[in-house]
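What follows is one structure encoded as structure tokens, with my remarks underneath.
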Amino acid sequence: MWLTWRAAMERALYGERGFYLHERPSGHFRTSVGASPVFAEALSRELVAVDHALGRPPAVDLVDIGAGEGMLATGIMAAVPPELRARLRVTAVDLAPRPARLPEEVVWAETPPEEIHGLVVANEWLDNVPVDIAEQTPQGPRLVQVDPATGEERLGESPDEADLAWLARWWPMRAAGGRAEIGRPRDEAWASVIVRLARGQAIAIDYAHLSGERPPYGTLAGYRDGAAVAPVPDGSCDITAHVALDACAAAGERAGAVATTLTTQRAALRALGVTGERPPAELARTDPSGYLRALARASEEAELIAPDGLGGFGWLAQSRLQEMPTSL
Ligand SMILES: C[S@@+](CC[C@H](N)C(=O)[O-])C[C@H]1O[C@@H](n2cnc3c(N)ncnc32)[C@H](O)[C@@H]1O
């Protein structure tokens, strides 16, 4: 059987025997959420700022998209002041079944709420939204087809008009043999979030690349049990490709975003107070156990902002308020 990569990814990740419907993501890869509670704490400060910008309304949404095991939502809930927590409406959005230990007050849904007033966070969601892959030939781009059982590939038809337009605008391929992941489904997924954002801010955090710096052969990858494996779309591994986050930003603007910040996780977390600075050596003498705790925290912070690791992730923050005096 031959499928386009988008169809093969859809089936391998979210089909009847799809990877995400029967696996716990944290068993297979480490995201910023699992790396340290510092990540959720930093985002809780952004939620406080959004709440402030909205004038502290009686109900504030926190929406975690691609929630996985729901750890980001629960981490943010635990870190906000009790007064704000009492006003939070928390929705965790995922196609997987509801995790067993999620607090009852968290709504678990397959789609985001229709109207969101507050903060949306999508950490490593868009890279798992299935995409087609095109390869450049002397006759122009052709869609790559894959055999889901083996991962073997062959060239199929030309992409449709919309995909060709996307490639020409966002990922023009220079030489025959070059490959591009057609990010249009991610743009649409992100735009569908922005249209639901009545007031507030939405943040997508992901492996990303920008126009002019696209990898010439793409970024398609597979992960299983914490290790990189060949991306065979047979349901046995995660299949992912980095996100053209600038294209998502443009789609968000077309969907009504009025303010856009496109930056790195390092810059965003530093703006939210995550510095990775070690505690003063003096503390080791006056409070040895406090010193050790601060040292452990500093090393977690350093991992989250390391430029060649998690700190290199892209952060796309868009809002529906012209004046959004938040940290980003
Ligand atoms: C890499 S995991 C990220 C989990 C979590 N956000 C974290 O950072 O640890 C991606 C998650 O996105 C979910 N997902 C993918 N496409 C989705 C969609 N269209 N709607 C809702 N969830 C989706 C997957 O089921 C998976 O749980």
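For the structure tokens, the naming scheme is as follows: chains receive sequential letters (A, B, ...) according to their order of presentation, residues are indexed from 1 within each chain, and ligands are indexed from 1 in presentation order.
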**Request:** Residues within 6 Å of ligand 1 should be enumerated using only C-alpha atoms and all ligand atoms and returned as JSON, numbers by chain.
**Result:** {"A": [20, 25, 31, 33, 65, 66, 67, 68, 93, 94, 95, 96, 110, 123, 124, 125, 128, 129]}
**Message:** Based on the backbone DSSP call, show me all residues of stretch 55-303 of chain A assigned alpha helix (DSSP H), as a ChimeraX atom specification.
**Reply:** /A:71-79,82-85,161-170,184-194,245-254,265-271,282-286,288-303
Quick one: write out the picked residues with C-alpha atoms as a tab-separated table (two decimals), in the first residue's frame?
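Output file part.tsv is given in full below:
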```tsv
chain	number	residue	atom	x	y	z
A	71	MET	CA	1.29	17.82	32.98
A	72	LEU	CA	1.65	21.35	31.64
A	73	ALA	CA	-1.91	22.33	32.52
A	74	THR	CA	-1.65	20.88	36.03
A	75	GLY	CA	1.79	22.42	36.55
A	76	ILE	CA	0.48	25.88	35.63
A	77	MET	CA	-2.59	25.40	37.85
A	78	ALA	CA	-0.36	24.52	40.79
A	79	ALA	CA	1.87	27.55	40.26
A	82	PRO	CA	-4.90	30.66	44.65
A	83	GLU	CA	-7.05	33.69	43.85
A	84	LEU	CA	-6.44	33.19	40.11
A	85	ARG	CA	-6.68	29.42	40.33
A	161	GLU	CA	-2.38	24.19	-6.27
A	162	ALA	CA	-2.67	25.20	-2.62
A	163	ASP	CA	0.36	23.14	-1.62
A	164	LEU	CA	2.40	24.40	-4.58
A	165	ALA	CA	1.56	27.97	-3.53
A	166	TRP	CA	2.60	27.17	0.04
A	167	LEU	CA	5.91	25.72	-1.14
A	168	ALA	CA	6.62	28.70	-3.40
A	169	ARG	CA	5.93	31.16	-0.55
A	170	TRP	CA	7.40	29.34	2.45
A	184	ARG	CA	-0.20	24.05	5.32
A	185	PRO	CA	-2.07	21.70	7.76
A	186	ARG	CA	-0.11	23.25	10.66
A	187	ASP	CA	-0.98	26.77	9.48
A	188	GLU	CA	-4.64	25.72	9.38
A	189	ALA	CA	-4.44	24.03	12.79
A	190	TRP	CA	-2.91	27.15	14.33
A	191	ALA	CA	-5.40	29.49	12.60
A	192	SER	CA	-8.22	27.37	14.03
A	193	VAL	CA	-6.88	28.20	17.51
A	194	ILE	CA	-6.54	31.93	16.81
A	245	LEU	CA	6.59	28.67	12.60
A	246	ASP	CA	6.78	31.87	10.51
A	247	ALA	CA	4.14	30.38	8.17
A	248	CYS	CA	1.95	29.60	11.20
A	249	ALA	CA	2.42	33.20	12.40
A	250	ALA	CA	1.20	34.54	9.04
A	251	ALA	CA	-1.82	32.18	9.19
A	252	GLY	CA	-2.55	33.41	12.72
A	253	GLU	CA	-2.50	37.00	11.51
A	254	ARG	CA	-4.91	36.16	8.69
A	265	GLN	CA	12.56	29.60	24.05
A	266	ARG	CA	15.78	30.97	25.47
A	267	ALA	CA	14.69	34.59	24.95
A	268	ALA	CA	11.10	33.93	26.01
A	269	LEU	CA	12.01	32.12	29.23
A	270	ARG	CA	14.61	34.72	30.12
A	271	ALA	CA	11.92	37.38	29.72
A	282	GLU	CA	28.07	32.12	50.18
A	283	LEU	CA	24.69	30.30	50.47
A	284	ALA	CA	26.53	26.94	50.65
A	285	ARG	CA	27.92	28.01	54.03
A	286	THR	CA	24.81	29.62	55.53
A	288	PRO	CA	23.72	24.09	52.61
A	289	SER	CA	20.46	22.33	51.76
A	290	GLY	CA	18.93	25.55	50.33
A	291	TYR	CA	22.10	25.91	48.26
A	292	LEU	CA	21.74	22.39	46.85
A	293	ARG	CA	18.09	23.00	45.97
A	294	ALA	CA	18.96	26.29	44.25
A	295	LEU	CA	21.80	24.60	42.38
A	296	ALA	CA	19.49	21.83	41.11
A	297	ARG	CA	16.98	24.45	40.00
A	298	ALA	CA	19.69	26.45	38.21
A	299	SER	CA	20.74	23.37	36.27
A	300	GLU	CA	17.11	22.68	35.24
A	301	GLU	CA	16.78	26.31	34.14
A	302	ALA	CA	20.03	26.03	32.17
A	303	GLU	CA	18.69	22.95	30.34
```
**Option closest in space to A:Ala244, from A:Glu104, A:Glu115, A:Glu213, A:Glu135 [counting only C-alpha atoms]** =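 Looking at the shortest contact to A:Ala244, the residue is A:Glu213.
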**Request:** Please measure the separation of atom CA of A:Arg17 and atom CA of A:Ala35, giving the value in Å to one decimal.
**Result:** 28.1 Å
**Asked** Which of stretch 31-267 of chain A counts as strand (DSSP E or B) under DSSP, as JSON, numbers by chain please?
**Response** {"A": [60, 61, 62, 63, 64, 65, 88, 89, 90, 91, 92, 93, 107, 108, 109, 116, 117, 118, 119, 120, 121, 122, 123, 132, 133, 134, 135, 136, 137, 140, 141, 142, 143, 144, 145, 146, 153, 154, 155, 179, 180, 181, 182, 197, 198, 199, 200, 201, 202, 203, 204, 205, 206, 208, 209, 221, 222, 223, 224, 227, 228, 229, 238, 239, 240, 243, 244, 259, 260, 261, 262, 263, 264]}
**Request:** Just the residues within 12 Å of A:Val229, please, counting only C-alpha atoms, with nothing from its chain fewer than 2 positions along; format it as a list in words.
**Result:** His28, Phe29, Gly151, Leu220, Ala221, Gly222, Tyr223, Arg224, Asp225, Gly226, Ala227, Pro231, Val232, Pro233, Ser236, Cys237, Asp238, Ile239 and Thr240 of chain A
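Comparing A:Ala149, A:Ala228, A:Ala53, A:Ala241 by their smallest distance to A:Glu181, the closest is A:Ala241 (using only C-alpha atoms).
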Could you give me, as a CSV table (one decimal) with all heavy atoms, in the first residue's frame, the residues within 12 Å of A:Gln145, counting only C-alpha atoms and dropping anything in the same chain fewer than 3 positions from it?
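Heads up, here's the output in result.csv:
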```csv
chain,number,residue,atom,x,y,z
A,1,MET,N,0.8,-1.2,0.0
A,1,MET,CA,0.0,0.0,0.0
A,1,MET,C,0.9,1.3,0.0
A,1,MET,O,1.9,1.3,0.7
A,1,MET,CB,-0.9,0.0,1.3
A,1,MET,CG,-1.6,1.3,1.5
A,1,MET,SD,-2.9,1.2,2.8
A,1,MET,CE,-2.0,0.8,4.2
A,2,TRP,N,0.5,2.2,-0.8
A,2,TRP,CA,1.3,3.5,-0.9
A,2,TRP,C,0.4,4.6,-0.4
A,2,TRP,O,-0.8,4.7,-0.9
A,2,TRP,CB,1.8,3.8,-2.3
A,2,TRP,CG,2.8,2.8,-2.7
A,2,TRP,CD1,2.6,1.7,-3.4
A,2,TRP,CD2,4.2,2.8,-2.4
A,2,TRP,NE1,3.8,1.0,-3.6
A,2,TRP,CE2,4.8,1.6,-3.0
A,2,TRP,CE3,5.0,3.6,-1.6
A,2,TRP,CZ2,6.1,1.3,-2.9
A,2,TRP,CZ3,6.4,3.3,-1.5
A,2,TRP,CH2,6.9,2.2,-2.1
A,3,LEU,N,0.9,5.5,0.5
A,3,LEU,CA,0.1,6.6,1.0
A,3,LEU,C,1.0,7.9,0.9
A,3,LEU,O,2.2,7.7,0.9
A,3,LEU,CB,-0.2,6.4,2.5
A,3,LEU,CG,-1.1,5.2,2.9
A,3,LEU,CD1,-1.2,5.1,4.4
A,3,LEU,CD2,-2.5,5.4,2.3
A,4,THR,N,0.4,9.0,0.8
A,4,THR,CA,1.2,10.2,1.0
A,4,THR,C,1.6,10.3,2.4
A,4,THR,O,1.0,9.7,3.3
A,4,THR,CB,0.4,11.5,0.6
A,4,THR,OG1,-0.5,11.8,1.7
A,4,THR,CG2,-0.2,11.4,-0.7
A,5,TRP,N,2.7,11.1,2.7
A,5,TRP,CA,3.1,11.1,4.1
A,5,TRP,C,2.1,11.7,5.1
A,5,TRP,O,2.0,11.2,6.2
A,5,TRP,CB,4.4,12.0,4.2
A,5,TRP,CG,5.6,11.1,4.2
A,5,TRP,CD1,6.5,10.9,3.1
A,5,TRP,CD2,6.1,10.2,5.2
A,5,TRP,NE1,7.4,10.0,3.4
A,5,TRP,CE2,7.2,9.5,4.7
A,5,TRP,CE3,5.7,9.9,6.5
A,5,TRP,CZ2,8.0,8.6,5.5
A,5,TRP,CZ3,6.4,9.0,7.3
A,5,TRP,CH2,7.5,8.4,6.7
A,6,ARG,N,1.3,12.6,4.6
A,6,ARG,CA,0.3,13.2,5.5
A,6,ARG,C,-0.7,12.1,5.9
A,6,ARG,O,-1.1,11.9,7.1
A,6,ARG,CB,-0.5,14.3,4.8
A,6,ARG,CG,-1.4,15.0,5.7
A,6,ARG,CD,-2.1,16.2,5.0
A,6,ARG,NE,-3.1,16.8,5.9
A,6,ARG,CZ,-3.9,17.8,5.5
A,6,ARG,NH1,-3.8,18.3,4.3
A,6,ARG,NH2,-4.8,18.3,6.4
A,7,ALA,N,-1.2,11.3,5.0
A,7,ALA,CA,-2.1,10.2,5.3
A,7,ALA,C,-1.5,9.2,6.1
A,7,ALA,O,-2.1,8.6,7.1
A,7,ALA,CB,-2.7,9.6,4.0
A,8,ALA,N,-0.2,8.9,5.8
A,8,ALA,CA,0.5,7.8,6.6
A,8,ALA,C,0.7,8.3,8.0
A,8,ALA,O,0.6,7.5,9.0
A,8,ALA,CB,1.8,7.5,5.9
A,9,MET,N,1.1,9.5,8.2
A,9,MET,CA,1.3,10.0,9.6
A,9,MET,C,0.0,10.0,10.4
A,9,MET,O,-0.1,9.7,11.6
A,9,MET,CB,1.8,11.5,9.5
A,9,MET,CG,3.3,11.7,9.8
A,9,MET,SD,3.7,13.4,9.6
A,9,MET,CE,3.8,14.0,11.3
A,131,VAL,N,1.9,16.2,8.0
A,131,VAL,CA,2.2,17.0,6.8
A,131,VAL,C,2.6,16.1,5.6
A,131,VAL,O,3.1,15.0,5.8
A,131,VAL,CB,3.4,17.9,7.0
A,131,VAL,CG1,3.0,19.1,7.8
A,131,VAL,CG2,4.6,17.2,7.6
A,132,ASP,N,2.4,16.6,4.4
A,132,ASP,CA,2.9,15.9,3.2
A,132,ASP,C,4.3,16.4,3.0
A,132,ASP,O,4.8,17.4,3.5
A,132,ASP,CB,2.0,16.3,2.0
A,132,ASP,CG,1.0,15.2,1.8
A,132,ASP,OD1,1.2,14.0,2.0
A,132,ASP,OD2,-0.1,15.6,1.4
A,133,ILE,N,5.0,15.5,2.2
A,133,ILE,CA,6.4,15.8,1.9
A,133,ILE,C,6.6,15.9,0.4
A,133,ILE,O,6.0,15.1,-0.3
A,133,ILE,CB,7.4,14.7,2.5
A,133,ILE,CG1,7.3,14.7,4.0
A,133,ILE,CG2,8.8,15.0,2.0
A,133,ILE,CD1,8.1,13.7,4.6
A,134,ALA,N,7.2,17.0,-0.1
A,134,ALA,CA,7.5,17.1,-1.5
A,134,ALA,C,9.0,17.0,-1.8
A,134,ALA,O,9.8,17.3,-0.9
A,134,ALA,CB,7.0,18.5,-2.0
A,135,GLU,N,9.2,16.4,-3.0
A,135,GLU,CA,10.6,16.3,-3.4
A,135,GLU,C,10.8,17.1,-4.7
A,135,GLU,O,9.9,17.0,-5.6
A,135,GLU,CB,11.1,14.9,-3.5
A,135,GLU,CG,12.5,14.7,-3.9
A,135,GLU,CD,13.0,13.3,-3.8
A,135,GLU,OE1,12.7,12.6,-2.9
A,135,GLU,OE2,13.8,12.9,-4.7
A,142,ARG,N,7.2,17.0,-6.5
A,142,ARG,CA,6.3,15.8,-6.6
A,142,ARG,C,6.1,15.4,-5.1
A,142,ARG,O,7.0,15.5,-4.3
A,142,ARG,CB,7.0,14.7,-7.3
A,142,ARG,CG,7.3,15.1,-8.8
A,142,ARG,CD,6.2,14.8,-9.7
A,142,ARG,NE,5.9,13.4,-9.8
A,142,ARG,CZ,6.6,12.5,-10.6
A,142,ARG,NH1,7.6,13.0,-11.4
A,142,ARG,NH2,6.2,11.3,-10.7
A,148,PRO,N,3.6,2.2,4.5
A,148,PRO,CA,3.6,2.3,5.9
A,148,PRO,C,4.2,1.1,6.6
A,148,PRO,O,4.7,1.3,7.8
A,148,PRO,CB,2.1,2.4,6.3
A,148,PRO,CG,1.3,2.4,5.0
A,148,PRO,CD,2.3,2.2,3.9
A,150,THR,N,7.0,-0.5,5.7
A,150,THR,CA,8.4,-0.6,5.6
A,150,THR,C,9.1,0.7,5.6
A,150,THR,O,10.3,0.8,5.9
A,150,THR,CB,8.8,-1.3,4.2
A,150,THR,OG1,8.3,-0.4,3.2
A,150,THR,CG2,8.2,-2.7,4.1
A,151,GLY,N,8.4,1.8,5.3
A,151,GLY,CA,9.0,3.1,5.2
A,151,GLY,C,9.6,3.4,3.9
A,151,GLY,O,10.2,4.4,3.6
A,152,GLU,N,9.5,2.4,3.0
A,152,GLU,CA,10.0,2.6,1.6
A,152,GLU,C,9.3,3.7,0.9
A,152,GLU,O,8.1,3.9,1.2
A,152,GLU,CB,9.9,1.3,0.8
A,152,GLU,CG,10.6,1.3,-0.5
A,152,GLU,CD,10.3,0.1,-1.3
A,152,GLU,OE1,9.8,-0.9,-0.8
A,152,GLU,OE2,10.4,0.2,-2.6
A,153,GLU,N,10.0,4.5,0.1
A,153,GLU,CA,9.3,5.7,-0.5
A,153,GLU,C,9.4,5.6,-2.0
A,153,GLU,O,10.3,5.0,-2.6
A,153,GLU,CB,10.1,7.0,-0.1
A,153,GLU,CG,9.9,7.3,1.4
A,153,GLU,CD,10.6,8.6,1.8
A,153,GLU,OE1,11.5,9.1,1.1
A,153,GLU,OE2,10.2,9.2,2.8
A,154,ARG,N,8.4,6.3,-2.7
A,154,ARG,CA,8.5,6.5,-4.1
A,154,ARG,C,7.9,7.9,-4.4
A,154,ARG,O,7.2,8.5,-3.5
A,154,ARG,CB,7.8,5.4,-4.9
A,154,ARG,CG,6.3,5.5,-4.7
A,154,ARG,CD,5.6,4.4,-5.5
A,154,ARG,NE,4.1,4.7,-5.5
A,154,ARG,CZ,3.2,3.9,-6.0
A,154,ARG,NH1,3.5,2.7,-6.5
A,154,ARG,NH2,1.9,4.2,-6.0
A,155,LEU,N,8.1,8.4,-5.6
A,155,LEU,CA,7.5,9.7,-5.9
A,155,LEU,C,6.1,9.5,-6.5
A,155,LEU,O,5.9,8.6,-7.3
A,155,LEU,CB,8.4,10.5,-6.9
A,155,LEU,CG,9.7,10.9,-6.3
A,155,LEU,CD1,10.5,11.8,-7.4
A,155,LEU,CD2,9.5,11.7,-5.0
A,156,GLY,N,5.2,10.4,-6.1
A,156,GLY,CA,3.8,10.3,-6.7
A,156,GLY,C,3.5,11.6,-7.5
A,156,GLY,O,4.4,12.0,-8.2
A,157,GLU,N,2.3,12.1,-7.4
A,157,GLU,CA,1.9,13.2,-8.3
A,157,GLU,C,2.4,14.5,-7.8
A,157,GLU,O,3.0,14.6,-6.7
A,157,GLU,CB,0.4,13.3,-8.3
A,157,GLU,CG,-0.2,12.0,-8.9
A,157,GLU,CD,-1.7,12.0,-8.7
A,157,GLU,OE1,-2.3,12.9,-8.1
A,157,GLU,OE2,-2.3,11.0,-9.2
A,158,SER,N,2.1,15.5,-8.6
A,158,SER,CA,2.5,16.9,-8.2
A,158,SER,C,1.5,17.3,-7.1
A,158,SER,O,0.4,16.9,-7.0
A,158,SER,CB,2.3,17.8,-9.4
A,158,SER,OG,2.3,19.1,-9.0
A,159,PRO,N,2.0,18.1,-6.1
A,159,PRO,CA,1.1,18.6,-5.1
A,159,PRO,C,0.0,19.5,-5.7
A,159,PRO,O,0.2,20.0,-6.8
A,159,PRO,CB,2.1,19.5,-4.2
A,159,PRO,CG,3.5,19.1,-4.5
A,159,PRO,CD,3.4,18.6,-5.9
A,233,PRO,N,6.1,4.7,9.3
A,233,PRO,CA,4.8,5.1,9.8
A,233,PRO,C,3.9,3.9,10.1
A,233,PRO,O,2.8,3.8,9.5
A,233,PRO,CB,4.2,6.1,8.7
A,233,PRO,CG,4.9,5.6,7.5
A,233,PRO,CD,6.2,5.0,7.9
```
**Message:** I need the residue nearest A:Arg30 from this list: A:Arg101, A:Leu272, A:Val120, A:Leu310. Use only C-alpha atoms for the distance.
**Reply:** A:Leu310
**Item:** Nearest candidate to A:Gly273 (options A:Ile305, A:Leu54, A:Ala208, A:Leu321; using only C-alpha atoms)
**Value:**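 The shortest atom-to-atom distance to A:Gly273 comes from A:Ile305.
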**Asked** So, counting only C-alpha atoms, which residue among A:Pro141, A:Thr275, A:Leu62, A:Gln318 is closest to A:Ala175?
**Response**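 Using only C-alpha atoms, the shortest distance to A:Ala175 belongs to A:Pro141.
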**Prompt:** Between atom CA of A:Arg89 and atom CA of A:Val106, what is the distance, to one decimal in Å?
**Reply:** 7.6 Å
**Prompt:** Separation of atom CA of A:His117 and atom CA of A:Ala86, in Å?
**Reply:** 15.3 Å
